[in-house]
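Next up, target_2.csv (CSV, C-alpha atoms):
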```csv
chain,number,residue,atom,x,y,z
A,1,MET,CA,120.6,93.3,95.3
A,2,LEU,CA,122.7,91.1,93.0
A,3,ILE,CA,125.3,93.1,91.2
A,4,LEU,CA,126.7,91.7,87.9
A,5,SER,CA,129.0,93.1,85.3
A,6,ARG,CA,128.0,92.5,81.7
A,7,LYS,CA,129.5,93.7,78.4
A,8,SER,CA,127.5,94.6,75.3
A,9,GLU,CA,125.6,91.7,73.8
A,10,GLU,CA,125.8,89.7,77.1
A,11,SER,CA,122.7,88.5,78.9
A,12,ILE,CA,121.3,87.6,82.3
A,13,ILE,CA,118.6,85.0,82.8
A,14,ILE,CA,116.1,85.4,85.7
A,15,ASN,CA,113.8,82.7,87.0
A,16,ASP,CA,114.5,80.5,84.0
A,17,ASN,CA,112.2,82.5,81.8
A,18,ILE,CA,113.3,86.1,81.8
A,19,GLU,CA,116.2,87.3,79.8
A,20,ILE,CA,117.9,90.7,80.1
A,21,LYS,CA,120.3,91.5,77.4
A,22,ILE,CA,122.7,94.5,77.1
A,23,VAL,CA,121.9,95.6,73.6
A,24,ASN,CA,124.1,98.7,73.4
A,25,ILE,CA,126.3,100.9,75.6
A,26,GLU,CA,126.7,104.4,74.4
A,27,ASP,CA,127.6,107.7,76.2
A,28,ASN,CA,125.9,107.4,79.5
A,29,LYS,CA,123.1,105.2,78.3
A,30,VAL,CA,122.7,101.4,78.4
A,31,LYS,CA,120.1,99.9,76.1
A,32,VAL,CA,118.5,96.9,77.7
A,33,GLY,CA,116.5,94.2,75.9
A,34,ILE,CA,114.0,92.2,77.9
A,35,LYS,CA,112.5,88.9,76.9
A,36,ALA,CA,109.8,87.7,79.3
A,37,PRO,CA,106.5,85.8,79.3
A,38,LYS,CA,103.5,88.0,78.5
A,39,ASP,CA,102.2,88.1,82.0
A,40,VAL,CA,105.4,89.5,83.5
A,41,LYS,CA,105.0,93.2,84.0
A,42,ILE,CA,107.9,95.4,83.2
A,43,TYR,CA,108.1,99.1,84.0
A,44,ARG,CA,110.7,101.8,84.5
A,45,SER,CA,111.1,102.4,88.2
A,46,GLU,CA,109.9,106.0,87.9
A,47,VAL,CA,106.5,104.7,87.0
A,48,TYR,CA,106.2,102.9,90.4
A,49,ASP,CA,107.6,105.9,92.2
A,50,GLU,CA,105.0,108.2,90.7
A,51,ILE,CA,102.1,105.8,91.5
A,52,MET,CA,103.3,105.3,95.1
A,53,LYS,CA,103.5,109.0,95.4
A,54,GLU,CA,100.0,109.6,94.2
A,55,ASN,CA,98.7,106.7,96.3
A,56,LYS,CA,100.3,108.1,99.4
A,57,SER,CA,98.9,111.6,98.7
A,58,ALA,CA,95.4,110.1,98.2
A,59,THR,CA,95.6,108.7,101.8
A,60,GLU,CA,96.2,112.1,103.2
A,61,MET,CA,93.0,113.6,102.1
A,62,LYS,CA,90.9,113.1,105.3
A,63,ASP,CA,91.0,116.7,106.4
A,64,ARG,CA,90.4,118.0,102.8
A,65,PHE,CA,87.1,116.1,102.7
A,66,ALA,CA,85.1,118.9,104.3
A,67,ASP,CA,86.6,121.4,101.8
A,68,LEU,CA,85.6,119.1,98.9
A,69,LYS,CA,82.0,118.9,100.2
A,70,ASP,CA,81.9,122.7,100.6
A,71,PHE,CA,83.2,123.1,97.0
A,72,TYR,CA,80.4,120.9,95.7
A,73,LYS,CA,77.8,122.7,97.8
A,74,GLN,CA,79.0,126.0,96.4
A,75,GLN,CA,78.8,124.7,92.9
A,76,SER,CA,75.2,123.5,93.3
A,77,ASN,CA,74.2,126.8,95.0
A,78,LYS,CA,75.3,128.6,91.9
A,79,LYS,CA,73.0,126.6,89.6
B,1,MET,CA,82.4,94.6,112.2
B,2,LYS,CA,83.2,98.2,113.0
B,3,ILE,CA,85.8,100.7,111.9
B,4,LEU,CA,86.5,104.2,113.2
B,5,THR,CA,87.2,106.7,110.4
B,6,ASP,CA,88.5,110.3,110.6
B,7,TYR,CA,86.1,111.5,108.0
B,8,VAL,CA,82.7,109.9,108.7
B,9,GLY,CA,83.1,108.6,112.3
B,10,GLU,CA,82.3,105.0,113.1
B,11,ILE,CA,81.2,102.7,110.3
B,12,GLU,CA,79.6,99.3,110.6
B,13,PHE,CA,80.2,96.7,107.9
B,14,LYS,CA,79.8,93.0,107.1
B,15,GLU,CA,82.4,90.5,106.2
B,16,SER,CA,80.7,90.2,102.9
B,17,ASP,CA,81.4,93.9,102.2
B,18,ILE,CA,85.1,93.3,102.2
B,19,ILE,CA,87.0,93.7,98.9
B,20,THR,CA,90.3,91.8,98.7
B,21,PHE,CA,93.4,93.1,96.9
B,22,LYS,CA,95.5,90.0,96.1
B,23,THR,CA,98.1,92.4,95.0
B,24,PRO,CA,98.1,95.4,97.4
B,25,MET,CA,97.9,99.0,96.4
B,26,TYR,CA,101.4,100.2,95.4
B,27,GLY,CA,103.2,101.5,98.5
B,28,PHE,CA,100.7,99.9,100.8
B,29,GLU,CA,101.7,96.3,101.1
B,30,GLU,CA,100.2,95.7,104.5
B,31,SER,CA,96.6,96.3,103.5
B,32,LYS,CA,94.9,93.5,101.6
B,33,ARG,CA,91.3,94.0,102.6
B,34,PHE,CA,89.2,97.1,102.0
B,35,ILE,CA,85.6,98.4,102.2
B,36,LEU,CA,84.1,101.2,100.2
B,37,ILE,CA,82.5,103.9,102.3
B,38,GLY,CA,80.0,106.3,100.7
B,39,THR,CA,78.0,106.3,97.5
B,40,MET,CA,79.2,107.5,94.2
B,41,THR,CA,76.6,110.0,92.8
B,42,GLU,CA,76.7,112.7,90.3
B,43,GLU,CA,76.0,115.2,93.0
B,44,PHE,CA,79.1,114.1,94.9
B,45,PRO,CA,81.2,111.5,93.1
B,46,PHE,CA,83.7,110.6,95.8
B,47,VAL,CA,84.0,107.6,98.1
B,48,TRP,CA,86.6,106.2,100.4
B,49,LEU,CA,88.5,103.0,99.8
B,50,GLN,CA,89.1,102.2,103.5
B,51,SER,CA,91.5,99.6,104.6
B,52,VAL,CA,90.2,97.0,107.1
B,53,ASP,CA,93.7,95.9,107.9
B,54,GLU,CA,95.1,99.3,108.7
B,55,GLU,CA,92.6,101.8,110.1
B,56,GLU,CA,94.6,104.9,109.1
B,57,VAL,CA,94.8,103.9,105.4
B,58,ALA,CA,92.0,105.2,103.3
B,59,PHE,CA,92.2,106.4,99.7
B,60,LEU,CA,89.9,109.1,98.4
B,61,VAL,CA,88.7,107.8,95.1
B,62,THR,CA,86.3,108.8,92.3
B,63,ASN,CA,84.7,107.3,89.3
B,64,PRO,CA,86.9,108.7,86.5
B,65,PHE,CA,84.1,108.7,83.9
B,66,PHE,CA,82.3,111.5,85.8
B,67,PHE,CA,85.2,113.7,84.8
B,68,LYS,CA,86.6,112.2,81.6
B,69,GLU,CA,84.3,110.6,79.2
B,70,GLY,CA,87.0,109.3,76.8
B,71,TYR,CA,88.9,107.1,79.2
B,72,ASP,CA,89.7,103.9,77.4
B,73,PHE,CA,92.1,101.1,78.3
B,74,GLU,CA,92.6,97.4,78.2
B,75,ILE,CA,92.9,95.1,81.2
B,76,ASN,CA,95.5,92.5,80.4
B,77,LYS,CA,94.9,88.8,80.7
B,78,ALA,CA,97.1,88.3,83.8
B,79,ASP,CA,95.2,91.1,85.7
B,80,MET,CA,91.8,89.6,84.6
B,81,LYS,CA,92.9,86.2,85.9
B,82,GLU,CA,93.9,87.7,89.2
B,83,LEU,CA,90.6,89.5,89.5
B,84,GLY,CA,88.7,86.4,88.6
B,85,ILE,CA,87.0,88.0,85.6
B,86,THR,CA,86.5,87.4,81.9
B,87,GLU,CA,86.1,89.9,79.1
B,88,ASP,CA,82.3,89.8,79.5
B,89,ASP,CA,82.2,90.6,83.2
B,90,ASP,CA,81.3,94.0,84.6
B,91,VAL,CA,83.9,95.9,86.5
B,92,GLU,CA,83.9,99.2,88.3
B,93,ILE,CA,86.8,101.6,87.9
B,94,ALA,CA,88.0,103.9,90.6
B,95,THR,CA,90.9,106.4,90.5
B,96,THR,CA,92.7,108.0,93.4
B,97,VAL,CA,92.1,111.6,94.1
B,98,VAL,CA,94.6,114.2,95.4
B,99,ILE,CA,93.5,117.6,96.5
B,100,PRO,CA,96.4,120.2,96.7
B,101,ASN,CA,96.0,123.6,98.3
B,102,GLU,CA,92.8,124.5,96.5
B,103,VAL,CA,90.0,122.0,95.7
B,104,LYS,CA,89.6,123.4,92.2
B,105,ASP,CA,93.1,122.0,91.5
B,106,ALA,CA,92.2,118.5,92.5
B,107,THR,CA,93.5,115.7,90.3
B,108,MET,CA,93.0,112.0,89.8
B,109,ASN,CA,95.5,109.3,88.7
B,110,LEU,CA,94.4,107.9,85.3
B,111,LYS,CA,97.7,106.0,84.7
B,112,SER,CA,97.0,103.4,87.4
B,113,PRO,CA,93.3,103.0,88.0
B,114,ILE,CA,91.7,100.5,90.5
B,115,VAL,CA,89.7,97.8,88.9
B,116,ILE,CA,87.0,96.4,91.1
B,117,ASN,CA,85.2,93.1,90.5
B,118,PHE,CA,82.1,93.7,92.7
B,119,MET,CA,80.6,90.3,92.2
B,120,GLY,CA,83.7,88.5,93.3
B,121,LYS,CA,84.7,91.2,95.8
B,122,THR,CA,88.3,91.5,94.4
B,123,ALA,CA,90.2,94.5,93.2
B,124,LYS,CA,93.5,95.5,91.8
B,125,GLN,CA,95.4,98.6,91.0
B,126,ILE,CA,96.7,98.2,87.4
B,127,ILE,CA,99.2,100.2,85.5
B,128,LEU,CA,98.1,101.2,82.0
B,129,ASP,CA,100.2,100.9,78.9
B,130,GLU,CA,98.2,103.8,77.5
B,131,ASP,CA,99.8,107.2,78.1
B,132,TYR,CA,97.4,108.8,80.7
B,133,PRO,CA,98.5,111.3,83.3
B,134,TYR,CA,99.2,110.7,87.0
B,135,LYS,CA,97.6,114.0,87.7
B,136,TYR,CA,94.5,114.7,85.6
B,137,LYS,CA,92.6,117.9,86.6
B,138,LEU,CA,89.0,117.2,87.7
B,139,PHE,CA,87.7,120.7,87.2
B,140,ASN,CA,88.0,123.4,84.6
B,141,GLN,CA,89.1,121.1,81.8
B,142,THR,CA,88.8,123.0,78.6
B,143,GLU,CA,88.2,119.7,76.9
B,144,GLY,CA,86.5,116.6,78.4
```

Could you quickly redo this structure as structure tokens?
Amino acid sequence: MLILSRKSEESIIINDNIEIKIVNIEDNKVKVGIKAPKDVKIYRSEVYDEIMKENKSATEMKDRFADLKDFYKQQSNKK
Amino acid sequence: MKILTDYVGEIEFKESDIITFKTPMYGFEESKRFILIGTMTEEFPFVWLQSVDEEEVAFLVTNPFFFKEGYDFEINKADMKELGITEDDDVEIATTVVIPNEVKDATMNLKSPIVINFMGKTAKQIILDEDYPYKYKLFNQTEG
């Protein structure tokens, strides 16, 4: 990971076409401005973390499959 | 080609069944090729997105529209390009399913659905700008 220090209003350029600017520093929060081509995706890292978590859980469902089938069988028996 | 699954035993499939993820599922960078096992029906709307590259990787998925009618989102141009589709092409949408302790509490991830281009046999997990939940309850929704 590249570590740089920037002051308010200073920028970093990535890949010739992405600019990250320190817009404001206040309390414990840094406001960051990002200029990037439209096809570059930008997300808070928590978003990735949540998706990976859900993905991982969804791969651990093999032994729940029988329960899921039972659940549907019960539902259709009720009708 | 054959694959041994934990949930339906041995499955035979053809090379032409394989769906390729140019960008892998998040957290699963080693799997690029998948097959779909099962048929999505109203009676039982769940299938497996089984990795061909890693036998132990299989996602339980559903068609979200069975459980949430008003699920609208846009697929951005970059994702369409990667999938090899245009605005007029048909795609299928699948969402990962997680079942906690009780089946009745099962959820699906509406924030990052899987877009499947069946004709071109490509797919991609996209992240929506729209504010949908990671855990949307499948059953006992008071509102659809």

Original post:
Which chain A residues are at most 9 Å from chain B (counting all atoms listed in the file), as a PyMOL selection string?
Top reply: chain A and resi 38-40+47-69+71-72+76

Original post:
In Å to one decimal, how far is atom CA of Phe34 of chain B from atom CA of Asp105 of chain B?
Top reply: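 Result for atom CA of Asp105 of chain B versus atom CA of Phe34 of chain B: 27.3 Å, one decimal.
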
Around (97.8, 95.0, 105.7), as given in the file, which residues come within 9 Å? Count only C-alpha atoms and list them as a compact mmCIF listing (two decimals) with C-alpha atoms, in the coordinates of the input.
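As a result, point-v9.txt now contains:
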```
# COMPACT_ATOMS: atom_id res chain seq x y z
CA PRO B 24 98.10 95.40 97.40
CA PHE B 28 100.70 99.90 100.80
CA GLU B 29 101.70 96.30 101.10
CA GLU B 30 100.20 95.70 104.50
CA SER B 31 96.60 96.30 103.50
CA LYS B 32 94.90 93.50 101.60
CA ARG B 33 91.30 94.00 102.60
CA SER B 51 91.50 99.60 104.60
CA VAL B 52 90.20 97.00 107.10
CA ASP B 53 93.70 95.90 107.90
CA GLU B 54 95.10 99.30 108.70
```

**OP:** Could you check how far atom CA of Gly33 of chain A sits from atom CA of Glu130 of chain B, in Å to one decimal?
**Re:**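 A separation of 20.7 Å between them.
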
Original post:
In Å, with one decimal, what is the gap from atom CA of Glu19 of chain A to atom CA of Lys35 of chain A?
Top reply: 5.0 Å

Subject >> Long-range neighbours of Gly120 of chain B as a PyMOL selection string, 9 Å cut-off, all atoms listed in the file, 4 positions minimum in chain >> reply: chain B and resi 19+83-85+116
